[in-house]
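First comes the structure, then the notes that go with it.
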Amino acid sequence: MVLGGSSPRYKIAWLPGDGIGVDVLDAARLVLDGLKLNAEYAHGDIGWEFWCKEGDALPARTVQLLKDSDAAMFGAITSKPVKAAEAELMPELKGKGLVYRSPIVRMRQMFDLYICLRPCKAYAGNGLNYKNDIDLVIFRENTEDLYSGVEFNPVPAELAQLLTKLSKPFAAFKDVPLDELAISNKIVSRTGCRRIVQAAFDFARKHHRRKVTVIHKANVVRATEGMFLDIAKEVHETYPEIEMDDANVDAICMWLLKNPANYDVMVATNMFGDIVSDLAAQMVGGLGFGCSGNIGDKLAVFEPSHGSAPKYAGQYKVNPIATILSAKMMLDWLGESEKAAAVERAVSSVVLEGKVRTYDMGGSNSTLEMGAAIAAKL
Ligand code: IPM
Ligand code: MG
């Protein structure tokens, strides 16, 4: 936090990225400027352009900016599979063994942003709501699991030998040539499981939520998901006033769709949380309403859950509400709860009136018109 003199209270790293990331962050800025938040917004280079030109979509100067900031707003970034990414590098960068990894995943791991917080709330009057009265909050572990990046394709002979020795089920693959095998590791730690479950229960306690649902697949993925479920049960003991239930991730997808009102706070490991949070966002208006926070103990990065939608880039057509609600989450995180509440009231009221609607909501207003309409209600 920047203190003293006339310097702004907060330093916010401003990371539009590419595609529609630029469009939606411009709209969010109209809202933040309307609030007169005492902040300095510092632009950071991030995205596909920097991968192609510099071989790094998250340049070191941007990492430094994040270290010097209180929080960040992030738009979106185009990402492509490893080979397609290599093909777009500047000629002098090719063949140097540079490997593209999603910058948002890197930021989550580098800054230990272990909570991915994804509220999904059906705002009254939103014609896109699957059902009214949905008010879910998803806690997704954000640093471990299938996102560990520990992957092999082809599989090294040493690893295959060790697996043959240590794992009976690996025998099923014993005749497959190693260059025809691929392994992606799902790695979780007790600490990682505990802190995300604790964050979910703490939130439930603070916000008087009645229940935490643990999403898992402990019946099949026993080592990791089993550990997650066991730890959730242990943690629950210290929150006796809050109900806890659990279910397999596949069943959750059916039940959530059938009876969303049965759910309140939900918690999952990284990949299942990724999947269930898209499902939940669709139930409250789609990715135009899916907001999220990547939260650590020292830094937090807020972003819409949607991608960069390159075909709409620069057209100022997409719905910025997800980003504006992410900015609201940032205000809460900074402790600016009155301003956060004002943003939420403004969003609710614009949605309820239904006069200003972007194309996904059946209207023809632009990204910036939506931002301006929300700012005008503050
Ligand atoms: C998300 C996205 C990311 C993820 C992608 C862009 C790497 O889907 O934030 O949910 O998989 O976490
Ligand atoms: Mg996702």
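We label chains A, B, ... in the order they appear in the structure tokens, count residues from 1 in each chain, and number ligands from 1 in the order shown.
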message: Residues near segment 150-161 of chain A, anyone? I mean within 7 Å using only C-alpha atoms, not counting same-chain ones fewer than 6 positions away, as a count of residues only.
response: 8
task: Check every protein, DNA and RNA residue against ligand 2, keep those with an atom at most 12 Å away (counting only C-alpha atoms and all ligand atoms), and present them as a PyMOL selection string.
output: chain A and resi 76+102+104-105+116+118+140+142+147+270-282+287+290-292+303-308
- request: Name the closest residue to His208 of chain A among the candidates A:Asp360, A:Glu338, A:Glu54, A:Glu241; distances are taken between atoms, counting only C-alpha atoms.
  value: A:Glu241
With 8 Å as the cut-off and only C-alpha atoms counted, what is the closest atom pair between each nearby residue of segment 62-141 of chain A and segment 31-49 of chain A? Distances in Å to one decimal, ordered by chain and number, as CSV.
```
residue,atom,partner,partner_atom,distance
A:Thr62,CA,A:Gly44,CA,5.4
A:Leu65,CA,A:Gly44,CA,7.1
A:Ile77,CA,A:Gly47,CA,5.4
A:Thr78,CA,A:Trp48,CA,6.0
A:Ser79,CA,A:Trp48,CA,7.1
A:Pro103,CA,A:Gly47,CA,7.5
```
Could you please take those selected residues and save N, CA, C and O atoms as a CSV table (one decimal), in the first residue's frame?
```
chain,number,residue,atom,x,y,z
A,62,THR,N,6.5,-7.1,-16.0
A,62,THR,CA,5.1,-7.2,-15.6
A,62,THR,C,5.1,-8.0,-14.2
A,62,THR,O,4.3,-7.6,-13.3
A,65,LEU,N,6.0,-5.4,-11.8
A,65,LEU,CA,4.9,-4.5,-11.5
A,65,LEU,C,3.9,-5.2,-10.5
A,65,LEU,O,3.4,-4.5,-9.6
A,77,ILE,N,-6.4,-13.4,-22.3
A,77,ILE,CA,-5.3,-13.6,-23.1
A,77,ILE,C,-5.6,-14.8,-24.0
A,77,ILE,O,-6.1,-15.8,-23.6
A,78,THR,N,-5.2,-14.7,-25.3
A,78,THR,CA,-5.3,-15.8,-26.2
A,78,THR,C,-4.3,-16.8,-25.8
A,78,THR,O,-3.1,-16.4,-25.5
A,79,SER,N,-4.6,-18.1,-25.8
A,79,SER,CA,-3.6,-19.1,-25.7
A,79,SER,C,-3.8,-20.2,-26.7
A,79,SER,O,-4.9,-20.4,-27.1
A,103,PRO,N,-0.3,-17.4,-19.1
A,103,PRO,CA,0.2,-16.4,-18.1
A,103,PRO,C,-0.7,-16.3,-16.9
A,103,PRO,O,-0.2,-16.1,-15.8
```
Neighbour list for Ile215 of chain A as a PyMOL selection string, cut-off 12 Å, only C-alpha atoms, skip fewer than 3 positions in-chain: chain A and resi 138-141+197+212+218-219+225-226+228-229+232+244-253+255-256+263+265-277
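You can rank A:Asp175, A:Glu144, A:Asp135, A:Glu88 by their closest distance to ligand 1 using only C-alpha atoms and all ligand atoms, and at the top of that list sits A:Glu144.
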message: I'd like the contact shell of segment 339-347 of chain A - 6 Å cut-off, only C-alpha atoms, skipping same-chain residues fewer than 5 positions apart - returned as an MDAnalysis selection string.
response: chainID A and resid 328 331:332 374 377:378
The selected residues should be written to file as a PDB file, in the first residue's frame (atoms: N, CA and C atoms).
```
ATOM      1  N   LYS A 328     -15.621  -5.148  -8.654  1.00  0.00           N
ATOM      2  CA  LYS A 328     -16.339  -5.079  -7.366  1.00  0.00           C
ATOM      3  C   LYS A 328     -15.667  -6.006  -6.343  1.00  0.00           C
ATOM      4  N   LEU A 331     -12.605  -4.398  -5.050  1.00  0.00           N
ATOM      5  CA  LEU A 331     -12.899  -3.372  -4.040  1.00  0.00           C
ATOM      6  C   LEU A 331     -13.130  -4.026  -2.676  1.00  0.00           C
ATOM      7  N   ASP A 332     -13.854  -5.142  -2.674  1.00  0.00           N
ATOM      8  CA  ASP A 332     -14.062  -5.871  -1.419  1.00  0.00           C
ATOM      9  C   ASP A 332     -12.725  -6.309  -0.838  1.00  0.00           C
ATOM     10  N   ILE A 374     -23.686   1.669 -16.031  1.00  0.00           N
ATOM     11  CA  ILE A 374     -23.435   1.228 -14.644  1.00  0.00           C
ATOM     12  C   ILE A 374     -22.781   2.357 -13.853  1.00  0.00           C
ATOM     13  N   LYS A 377     -25.090   5.010 -12.487  1.00  0.00           N
ATOM     14  CA  LYS A 377     -25.945   4.639 -11.342  1.00  0.00           C
ATOM     15  C   LYS A 377     -25.223   4.715 -10.010  1.00  0.00           C
ATOM     16  N   LEU A 378     -23.948   4.993 -10.029  1.00  0.00           N
ATOM     17  CA  LEU A 378     -23.191   4.899  -8.764  1.00  0.00           C
ATOM     18  C   LEU A 378     -23.623   5.979  -7.774  1.00  0.00           C
TER      19      LEU A 378
END
```
- request: One decimal, Å: what's the distance from atom CA of Val318 of chain A over to atom CA of Arg357 of chain A, could you say?
  value: 10.1 Å
message: as a ChimeraX atom specification, please: every residue in segment 269-303 of chain A that DSSP puts in alpha helix (DSSP H).
response: /A:270-283
Using the selection just defined, write its residues with C-alpha atoms as a JSON list (two decimals), in the first residue's frame.
```
[["chain", "number", "residue", "atom", "x", "y", "z"],
["A", 270, "ASN", "CA", -8.41, -26.91, -9.44],
["A", 271, "MET", "CA", -9.65, -28.69, -12.56],
["A", 272, "PHE", "CA", -13.06, -29.69, -11.25],
["A", 273, "GLY", "CA", -13.51, -26.14, -9.98],
["A", 274, "ASP", "CA", -12.60, -24.84, -13.43],
["A", 275, "ILE", "CA", -15.29, -27.00, -15.03],
["A", 276, "VAL", "CA", -18.07, -26.55, -12.49],
["A", 277, "SER", "CA", -17.54, -22.78, -12.40],
["A", 278, "ASP", "CA", -18.26, -22.50, -16.14],
["A", 279, "LEU", "CA", -21.43, -24.52, -15.67],
["A", 280, "ALA", "CA", -22.49, -22.31, -12.76],
["A", 281, "ALA", "CA", -21.69, -19.11, -14.70],
["A", 282, "GLN", "CA", -23.89, -20.28, -17.58],
["A", 283, "MET", "CA", -26.78, -20.66, -15.14]]
```
message: Give me, as a ChimeraX atom specification, the residues of segment 246-359 of chain A that a backbone DSSP run labels strand (DSSP E or B).
response: /A:246-248,265-268,284,291-295,300-304
query: Within 10 Å of segment 92-94 of chain A, counting only C-alpha atoms, which residues qualify if same-chain residues fewer than 6 places away don't, as a list of chain:residue names?
result: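 Residues near the query, excluding close chain neighbours: A:Trp51, A:Cys52, A:Lys53, A:Glu54, A:Gly55, A:Glu86.
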- prompt: With only C-alpha atoms and all ligand atoms as the basis for distance, which of A:Arg9, A:Lys311, A:Lys80, A:Lys121 is at the shortest distance from ligand 1?
  reply: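 Using only C-alpha atoms and all ligand atoms, the shortest distance to ligand 1 belongs to A:Lys80.
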field: Atomic distance atom CA of Ala72 of chain A - atom CA of Ile12 of chain A, expressed in Å with one decimal
entry: 5.2 Å
